[in-house]
>>> print(open('protein37.txt').read())   # compact mmCIF, C-alpha atoms
# COMPACT_ATOMS: atom_id res chain seq x y z
CA ASN A 1 90.43 119.87 83.70
CA SER A 2 91.56 123.48 83.78
CA LYS A 3 94.07 122.74 86.51
CA LEU A 4 96.06 120.37 84.31
CA PRO A 5 98.60 121.80 81.85
CA GLY A 6 97.81 121.18 78.19
CA VAL A 7 100.63 118.70 77.68
CA GLN A 8 99.31 116.67 80.60
CA ARG A 9 95.73 116.72 79.30
CA GLN A 10 96.95 115.60 75.89
CA TYR A 11 98.29 112.30 77.19
CA LEU A 12 95.71 111.70 79.90
CA LYS A 13 93.30 108.81 79.48
CA LEU A 14 91.16 107.34 82.23
CA LYS A 15 89.11 104.17 82.24
CA LEU A 16 86.69 103.52 85.06
CA MET A 17 85.71 100.07 86.30
CA PHE A 18 82.88 99.44 88.75
CA ILE A 19 82.93 95.79 89.86
CA ILE A 20 79.52 94.65 91.06
CA GLY A 21 78.44 91.26 92.37
CA LYS A 22 75.02 89.71 92.74
CA ILE A 23 72.47 90.48 95.43
CA GLN A 24 71.31 87.47 97.41
CA ASN A 25 68.07 86.08 95.91
CA GLU A 26 67.59 89.15 93.70
CA GLU A 27 68.02 90.00 90.04
CA HIS A 28 69.86 93.11 88.91
CA SER A 29 67.53 96.06 88.40
CA GLU A 30 66.55 97.33 84.99
CA ASN A 31 68.17 100.68 85.84
CA LEU A 32 71.50 98.98 86.50
CA LEU A 33 71.31 96.94 83.31
CA ASP A 34 70.51 100.09 81.33
CA GLU A 35 73.48 101.88 82.88
CA ILE A 36 75.76 98.97 82.00
CA LYS A 37 74.53 99.11 78.41
CA ASN A 38 74.84 102.87 78.11
CA ASN A 39 78.18 103.48 79.82
CA GLY A 40 80.15 100.25 79.64
CA ASP A 41 82.06 100.89 82.86
CA ILE A 42 80.18 98.48 85.14
CA LEU A 43 81.41 94.89 85.14
CA LEU A 44 79.40 92.11 86.78
CA ILE A 45 80.91 89.13 88.57
CA ASN A 46 79.21 85.90 89.54
CA GLU A 47 79.63 86.37 93.28
CA VAL A 48 77.13 87.47 95.93
CA GLU A 49 78.07 90.88 97.34
CA SER A 50 79.60 90.86 100.83
CA ARG A 51 82.75 92.06 102.57
CA THR A 52 84.20 88.55 102.38
CA VAL A 53 84.08 88.57 98.58
CA LEU A 54 86.21 91.73 98.24
CA PRO A 55 89.52 89.85 97.74
CA GLN A 56 87.97 87.91 94.84
CA LYS A 57 86.60 91.15 93.37
CA ILE A 58 89.97 92.92 93.38
CA LEU A 59 91.74 89.90 91.87
CA TRP A 60 89.05 89.70 89.19
CA ALA A 61 89.49 93.42 88.48
CA ILE A 62 93.27 93.02 88.22
CA ASN A 63 92.96 90.12 85.79
CA ARG A 64 90.29 91.84 83.75
CA SER A 65 92.16 95.13 83.52
CA VAL A 66 95.17 93.36 81.98
CA GLU A 67 92.90 91.66 79.45
CA LEU A 68 90.99 94.81 78.46
CA PHE A 69 93.23 97.84 78.81
CA ASN A 70 96.65 99.30 78.10
CA PHE A 71 97.56 101.47 81.07
CA ASN A 72 100.37 102.75 83.28
CA TYR A 73 98.69 102.73 86.68
CA PHE A 74 95.90 100.80 88.36
CA VAL A 75 94.17 102.95 90.98
CA LYS A 76 91.77 101.29 93.39
CA ILE A 77 89.39 103.24 95.61
CA ASP A 78 86.47 102.38 97.86
CA HIS A 79 82.92 103.42 97.02
CA ASP A 80 83.05 106.05 99.77
CA THR A 81 86.34 107.60 98.66
CA ILE A 82 86.61 110.90 96.80
CA VAL A 83 89.63 111.49 94.57
CA ASP A 84 91.44 114.79 94.05
CA LEU A 85 92.10 113.87 90.44
CA PRO A 86 94.28 116.86 89.41
CA TYR A 87 96.53 116.37 92.45
CA LEU A 88 96.74 112.62 91.89
CA ILE A 89 97.56 112.97 88.19
CA SER A 90 100.20 115.63 88.72
CA SER A 91 101.89 113.33 91.23
CA LEU A 92 101.65 110.25 89.01
CA ILE A 93 103.26 112.07 86.09
CA ASP A 94 106.46 112.28 88.14
CA SER A 95 106.13 108.77 89.60
CA PRO A 96 108.04 105.67 88.44
CA ARG A 97 106.19 103.38 86.06
CA LYS A 98 107.92 100.28 87.35
CA TYR A 99 107.49 98.42 90.63
CA LEU A 100 105.17 101.03 92.11
CA TYR A 101 102.77 100.04 94.89
CA THR A 102 101.92 103.12 96.87
CA GLY A 103 99.32 104.68 99.10
CA PHE A 104 99.02 104.97 102.85
CA CYS A 105 101.11 101.87 103.43
CA ASP A 106 102.02 101.60 107.09
CA LYS A 107 99.89 98.59 108.02
CA LYS A 108 100.70 94.94 108.78
CA LEU A 109 98.34 92.09 109.54
CA ARG A 110 97.85 91.70 113.27
CA PHE A 111 96.44 88.18 113.23
CA GLY A 112 96.40 84.95 111.23
CA PRO A 113 99.14 82.91 109.55
CA TYR A 114 100.59 85.97 107.77
CA LYS A 115 100.74 88.18 110.86
CA GLY A 116 103.45 90.85 110.51
CA THR A 117 105.00 89.33 107.37
CA PHE A 118 104.37 92.19 104.93
CA LYS A 119 103.11 95.77 104.77
CA TYR A 120 100.10 96.84 102.77
CA CYS A 121 98.32 100.03 101.66
CA LEU A 122 94.96 100.95 103.16
CA GLY A 123 92.03 100.10 100.91
CA GLY A 124 90.51 103.59 100.76
CA GLY A 125 92.89 104.29 97.88
CA TYR A 126 96.12 102.82 96.52
CA ILE A 127 98.09 102.65 93.27
CA LEU A 128 99.82 99.82 91.39
CA SER A 129 102.01 100.18 88.31
CA TYR A 130 101.10 98.08 85.29
CA ASP A 131 104.04 95.70 85.63
CA LEU A 132 103.00 94.64 89.14
CA VAL A 133 99.39 94.24 88.02
CA GLU A 134 100.49 92.06 85.12
CA MET A 135 102.68 89.91 87.38
CA ILE A 136 99.84 89.47 89.88
CA ALA A 137 97.54 88.44 87.02
CA GLY A 138 100.09 85.78 86.10
CA LEU A 139 100.14 84.11 89.51
CA GLU A 140 98.87 80.55 89.85
CA GLU A 141 95.59 79.86 91.62
CA ASP A 142 97.30 78.18 94.58
CA GLN A 143 99.29 81.40 95.10
CA THR A 144 96.23 83.63 95.09
CA THR A 145 93.95 81.43 97.20
CA VAL A 146 94.83 82.38 100.78
CA PRO A 147 92.84 83.00 104.00
CA ILE A 148 93.16 86.79 104.06
CA PRO A 149 89.68 88.32 104.43
CA HIS A 150 90.57 91.98 103.88
CA GLU A 151 91.01 93.18 100.30
CA ASP A 152 93.76 95.72 101.01
CA ALA A 153 95.85 93.24 102.99
CA TYR A 154 95.21 90.63 100.28
CA VAL A 155 96.70 92.92 97.62
CA GLY A 156 99.70 93.54 99.87
CA TYR A 157 100.14 89.78 100.11
CA LEU A 158 99.95 89.39 96.32
CA VAL A 159 102.58 92.11 95.83
CA ASP A 160 104.79 90.38 98.40
CA ILE A 161 104.46 87.09 96.47
CA VAL A 162 105.42 88.88 93.25
CA ILE A 163 108.47 90.47 94.88
CA LYS A 164 109.71 87.03 95.96
CA LYS A 165 108.80 85.23 92.73
CA TYR A 166 110.56 87.72 90.45
CA ASN A 167 113.41 88.56 92.87
CA ILE A 168 112.59 92.26 92.87
CA SER A 169 115.32 93.96 94.84
CA ILE A 170 113.88 96.01 97.69
CA LYS A 171 117.29 97.68 97.77
CA ASP A 172 116.35 99.47 94.55
CA TYR A 173 112.58 99.66 95.01
CA ILE A 174 110.66 100.37 98.20
CA ILE A 175 107.54 98.21 97.99
CA PRO A 176 105.12 99.26 99.30
CA LYS A 177 106.12 102.92 99.14
CA HIS A 178 104.38 104.77 101.95
CA ASP A 179 103.07 108.16 100.84
CA PRO A 180 101.51 110.34 103.56
CA ARG A 181 99.87 112.42 100.81
CA ALA A 182 97.85 109.45 99.66
CA LEU A 183 94.96 108.95 102.02
CA LEU A 184 93.04 110.87 104.60
CA ILE A 185 90.40 109.27 106.79
CA TYR A 186 88.07 112.23 106.46
CA THR A 187 85.98 112.81 109.55
CA SER A 188 85.63 116.60 109.81
CA LEU A 189 85.37 119.83 107.84
CA SER A 190 88.73 121.14 109.08
CA VAL A 191 91.11 119.57 106.54
CA VAL A 192 94.00 121.76 105.44
CA LYS A 193 96.59 119.52 103.73
CA LYS A 194 96.01 118.09 100.27
CA HIS A 195 95.62 114.35 99.69
CA TYR A 196 94.95 112.13 96.67
CA PHE A 197 92.13 110.23 98.35
CA TYR A 198 89.59 111.29 100.94
CA HIS A 199 88.02 108.23 102.51
CA TRP A 200 84.67 109.12 104.01
CA LEU A 201 83.96 105.94 105.98
CA LYS A 202 80.29 106.84 105.64
CA THR A 203 80.83 109.84 107.91
CA PHE A 204 78.54 111.97 105.81
CA LYS A 205 75.13 110.59 105.01
CA SER A 206 73.90 113.32 102.66
CA LYS A 207 75.08 114.43 99.24
CA GLU A 208 74.85 118.03 100.40
CA LEU A 209 77.55 117.51 103.02
CA VAL A 210 79.76 115.67 100.54
CA TYR A 211 79.44 118.52 98.00
CA LYS A 212 80.20 121.02 100.74
CA CYS A 213 83.42 119.19 101.58
CA ILE A 214 84.42 118.92 97.92
CA LYS A 215 83.94 122.65 97.51
CA GLN A 216 85.96 123.39 100.63
CA LEU A 217 88.79 121.10 99.48
CA ASN A 218 88.73 122.76 96.04
CA ILE A 219 88.47 119.41 94.26
CA THR A 220 87.34 119.86 90.66
CA GLY A 221 88.49 116.63 89.01
>>> encode(input="protein37.txt", output="structure tokens")
Amino acid sequence: NSKLPGVQRQYLKLKLMFIIGKIQNEEHSENLLDEIKNNGDILLINEVESRTVLPQKILWAINRSVELFNFNYFVKIDHDTIVDLPYLISSLIDSPRKYLYTGFCDKKLRFGPYKGTFKYCLGGGYILSYDLVEMIAGLEEDQTTVPIPHEDAYVGYLVDIVIKKYNISIKDYIIPKHDPRALLIYTSLSVVKKHYFYHWLKTFKSKELVYKCIKQLNITG
């Protein structure tokens, strides 16, 4: 990207992962199978797609990323999130590579057995450093099987388990680290401040409106 200095472009590598489950009583289309074959960035899991399967999907993605890739940061976004890639990368370059769990992280569970016990980052877009991802991948099944239906809160729970298991000192590391630059719930065309992630929440139904917003926000990544 022309907005990234040469030294940054030199060391920049991105790997995309699209985690897709099964459709109830349907086979995957030939178009999807061709895209998987041609691009190699779509990974299929043996679960029927639904909101309730999202925690399993993110845990599968975490485990698989450790098996397949060598990376510094794991960035998760929703399907209706747009990323300002140059802005995100320029911020990550100056970010710590250890014990980083950041995004718009001002939420706590308001119900259930884990009510109010930990903070988590909203699922529209958040970032984990490799060490935390690796430690989550190393958790036992009884530690990862919990009744938390929301994927973003589930990841916050997993990070909280890792903090306790490995005695990570919150005196030295703020986990999660709330970053107001991280996420904007984008509902209008009047945005001024820059963010890493713009979460559409299906506000815009047409590609034309999405492209119009991207142009206005000057996102070229």
>>> closest_residue(input="protein37.txt", among="A:Gly138, A:Gly112, A:Pro149, A:Pro176", to="Tyr126 of chain A", atoms="only C-alpha atoms")
A:Pro176
>>> atom_distance(input="protein37.txt", atom1="atom CA of Thr145 of chain A", atom2="atom CA of Thr52 of chain A")
13.1 Å
>>> closest_residue(input="protein37.txt", among="A:Leu109, A:Val83, A:Leu139, A:Leu122", to="Tyr196 of chain A", atoms="all atoms listed in the file")
A:Val83
>>> residues_near_point(input="protein37.txt", point="(72.9, 96.6, 85.3)", cutoff="12 Å", atoms="all atoms listed in the file", output="list of chain:residue names")
A:Phe18, A:Ile19, A:Ile20, A:Gly21, A:Lys22, A:Ile23, A:Glu27, A:His28, A:Ser29, A:Glu30, A:Asn31, A:Leu32, A:Leu33, A:Asp34, A:Glu35, A:Ile36, A:Lys37, A:Asn38, A:Asn39, A:Gly40, A:Asp41, A:Ile42, A:Leu43, A:Leu44, A:Ile45
>>> residues_around(input="protein37.txt", residues="Asn63 of chain A", least_positions_apart="2", cutoff="12 Å", atoms="all atoms listed in the file", output="list of chain:residue names")
A:Gln56, A:Lys57, A:Ile58, A:Leu59, A:Trp60, A:Ala61, A:Ser65, A:Val66, A:Glu67, A:Leu68, A:Phe69, A:Phe74, A:Tyr130, A:Leu132, A:Val133, A:Glu134, A:Met135, A:Ile136, A:Ala137, A:Gly138, A:Leu139, A:Glu140, A:Thr144
>>> closest_residue(input="protein37.txt", among="A:Lys107, A:Lys119, A:His199, A:Lys164", to="Leu183 of chain A", atoms="all atoms listed in the file")
A:His199
>>> atom_distance(input="protein37.txt", atom1="atom CA of Lys108 of chain A", atom2="atom CA of Glu49 of chain A")
25.7 Å
>>> atom_distance(input="protein37.txt", atom1="atom CA of Gln143 of chain A", atom2="atom CA of Val162 of chain A")
9.8 Å
>>> residues_around(input="protein37.txt", residues="Ser95 of chain A", least_positions_apart="2", cutoff="12 Å", atoms="only C-alpha atoms", output="list in words")
Asn72, Tyr73, Leu88, Ile89, Ser90, Ser91, Leu92, Ile93, Arg97, Lys98, Tyr99, Leu100, Tyr101, Thr102, Ile127, Leu128, Ser129, Lys177 and Asp179 of chain A
>>> build_atoms(input="protein37.txt", residues="segment 125-147 of chain A", atoms="N, CA, C and O atoms", output="PDB file, in the coordinates of the input")
ATOM      1  N   GLY A 125      92.313 103.883  99.156  1.00  0.00           N
ATOM      2  CA  GLY A 125      92.890 104.290  97.880  1.00  0.00           C
ATOM      3  C   GLY A 125      94.352 103.897  97.794  1.00  0.00           C
ATOM      4  O   GLY A 125      95.124 104.215  98.694  1.00  0.00           O
ATOM      5  N   TYR A 126      94.713 103.162  96.749  1.00  0.00           N
ATOM      6  CA  TYR A 126      96.120 102.820  96.520  1.00  0.00           C
ATOM      7  C   TYR A 126      96.383 102.668  95.028  1.00  0.00           C
ATOM      8  O   TYR A 126      95.445 102.615  94.220  1.00  0.00           O
ATOM      9  N   ILE A 127      97.666 102.599  94.671  1.00  0.00           N
ATOM     10  CA  ILE A 127      98.090 102.650  93.270  1.00  0.00           C
ATOM     11  C   ILE A 127      99.072 101.516  92.993  1.00  0.00           C
ATOM     12  O   ILE A 127      99.991 101.274  93.785  1.00  0.00           O
ATOM     13  N   LEU A 128      98.889 100.858  91.864  1.00  0.00           N
ATOM     14  CA  LEU A 128      99.820  99.820  91.390  1.00  0.00           C
ATOM     15  C   LEU A 128     100.259 100.161  89.973  1.00  0.00           C
ATOM     16  O   LEU A 128      99.434 100.547  89.146  1.00  0.00           O
ATOM     17  N   SER A 129     101.543 100.013  89.684  1.00  0.00           N
ATOM     18  CA  SER A 129     102.010 100.180  88.310  1.00  0.00           C
ATOM     19  C   SER A 129     101.624  98.955  87.486  1.00  0.00           C
ATOM     20  O   SER A 129     101.390  97.861  88.024  1.00  0.00           O
ATOM     21  N   TYR A 130     101.581  99.138  86.171  1.00  0.00           N
ATOM     22  CA  TYR A 130     101.100  98.080  85.290  1.00  0.00           C
ATOM     23  C   TYR A 130     101.898  96.793  85.435  1.00  0.00           C
ATOM     24  O   TYR A 130     101.328  95.688  85.425  1.00  0.00           O
ATOM     25  N   ASP A 131     103.222  96.901  85.574  1.00  0.00           N
ATOM     26  CA  ASP A 131     104.040  95.700  85.630  1.00  0.00           C
ATOM     27  C   ASP A 131     103.673  94.818  86.822  1.00  0.00           C
ATOM     28  O   ASP A 131     103.611  93.586  86.706  1.00  0.00           O
ATOM     29  N   LEU A 132     103.395  95.428  87.974  1.00  0.00           N
ATOM     30  CA  LEU A 132     103.000  94.640  89.140  1.00  0.00           C
ATOM     31  C   LEU A 132     101.620  94.019  88.923  1.00  0.00           C
ATOM     32  O   LEU A 132     101.390  92.857  89.297  1.00  0.00           O
ATOM     33  N   VAL A 133     100.714  94.771  88.319  1.00  0.00           N
ATOM     34  CA  VAL A 133      99.390  94.240  88.020  1.00  0.00           C
ATOM     35  C   VAL A 133      99.489  93.032  87.094  1.00  0.00           C
ATOM     36  O   VAL A 133      98.849  92.001  87.306  1.00  0.00           O
ATOM     37  N   GLU A 134     100.312  93.157  86.079  1.00  0.00           N
ATOM     38  CA  GLU A 134     100.490  92.060  85.120  1.00  0.00           C
ATOM     39  C   GLU A 134     101.099  90.832  85.793  1.00  0.00           C
ATOM     40  O   GLU A 134     100.689  89.691  85.528  1.00  0.00           O
ATOM     41  N   MET A 135     102.063  91.044  86.685  1.00  0.00           N
ATOM     42  CA  MET A 135     102.680  89.910  87.380  1.00  0.00           C
ATOM     43  C   MET A 135     101.704  89.254  88.347  1.00  0.00           C
ATOM     44  O   MET A 135     101.692  88.019  88.489  1.00  0.00           O
ATOM     45  N   ILE A 136     100.866  90.042  89.005  1.00  0.00           N
ATOM     46  CA  ILE A 136      99.840  89.470  89.880  1.00  0.00           C
ATOM     47  C   ILE A 136      98.862  88.640  89.059  1.00  0.00           C
ATOM     48  O   ILE A 136      98.466  87.534  89.450  1.00  0.00           O
ATOM     49  N   ALA A 137      98.460  89.164  87.896  1.00  0.00           N
ATOM     50  CA  ALA A 137      97.540  88.440  87.020  1.00  0.00           C
ATOM     51  C   ALA A 137      98.122  87.115  86.557  1.00  0.00           C
ATOM     52  O   ALA A 137      97.373  86.186  86.226  1.00  0.00           O
ATOM     53  N   GLY A 138      99.439  87.007  86.547  1.00  0.00           N
ATOM     54  CA  GLY A 138     100.090  85.780  86.100  1.00  0.00           C
ATOM     55  C   GLY A 138     100.338  84.757  87.192  1.00  0.00           C
ATOM     56  O   GLY A 138     100.867  83.669  86.911  1.00  0.00           O
ATOM     57  N   LEU A 139      99.941  85.062  88.421  1.00  0.00           N
ATOM     58  CA  LEU A 139     100.140  84.110  89.510  1.00  0.00           C
ATOM     59  C   LEU A 139      99.218  82.907  89.376  1.00  0.00           C
ATOM     60  O   LEU A 139      98.117  83.005  88.837  1.00  0.00           O
ATOM     61  N   GLU A 140      99.680  81.765  89.885  1.00  0.00           N
ATOM     62  CA  GLU A 140      98.870  80.550  89.850  1.00  0.00           C
ATOM     63  C   GLU A 140      97.771  80.620  90.916  1.00  0.00           C
ATOM     64  O   GLU A 140      97.871  81.361  91.896  1.00  0.00           O
ATOM     65  N   GLU A 141      96.736  79.826  90.716  1.00  0.00           N
ATOM     66  CA  GLU A 141      95.590  79.860  91.620  1.00  0.00           C
ATOM     67  C   GLU A 141      95.985  79.511  93.051  1.00  0.00           C
ATOM     68  O   GLU A 141      95.464  80.093  94.007  1.00  0.00           O
ATOM     69  N   ASP A 142      96.908  78.551  93.220  1.00  0.00           N
ATOM     70  CA  ASP A 142      97.300  78.180  94.580  1.00  0.00           C
ATOM     71  C   ASP A 142      98.073  79.299  95.276  1.00  0.00           C
ATOM     72  O   ASP A 142      98.167  79.328  96.509  1.00  0.00           O
ATOM     73  N   GLN A 143      98.600  80.253  94.506  1.00  0.00           N
ATOM     74  CA  GLN A 143      99.290  81.400  95.100  1.00  0.00           C
ATOM     75  C   GLN A 143      98.333  82.516  95.471  1.00  0.00           C
ATOM     76  O   GLN A 143      98.644  83.339  96.336  1.00  0.00           O
ATOM     77  N   THR A 144      97.186  82.553  94.833  1.00  0.00           N
ATOM     78  CA  THR A 144      96.230  83.630  95.090  1.00  0.00           C
ATOM     79  C   THR A 144      95.093  83.214  96.016  1.00  0.00           C
ATOM     80  O   THR A 144      94.315  84.055  96.450  1.00  0.00           O
ATOM     81  N   THR A 145      95.002  81.925  96.316  1.00  0.00           N
ATOM     82  CA  THR A 145      93.950  81.430  97.200  1.00  0.00           C
ATOM     83  C   THR A 145      94.508  81.298  98.615  1.00  0.00           C
ATOM     84  O   THR A 145      95.152  80.317  98.966  1.00  0.00           O
ATOM     85  N   VAL A 146      94.279  82.336  99.417  1.00  0.00           N
ATOM     86  CA  VAL A 146      94.830  82.380 100.780  1.00  0.00           C
ATOM     87  C   VAL A 146      93.768  82.929 101.737  1.00  0.00           C
ATOM     88  O   VAL A 146      92.882  83.681 101.324  1.00  0.00           O
ATOM     89  N   PRO A 147      93.851  82.564 103.017  1.00  0.00           N
ATOM     90  CA  PRO A 147      92.840  83.000 104.000  1.00  0.00           C
ATOM     91  C   PRO A 147      93.097  84.402 104.536  1.00  0.00           C
ATOM     92  O   PRO A 147      93.361  84.593 105.716  1.00  0.00           O
TER      93      PRO A 147
END
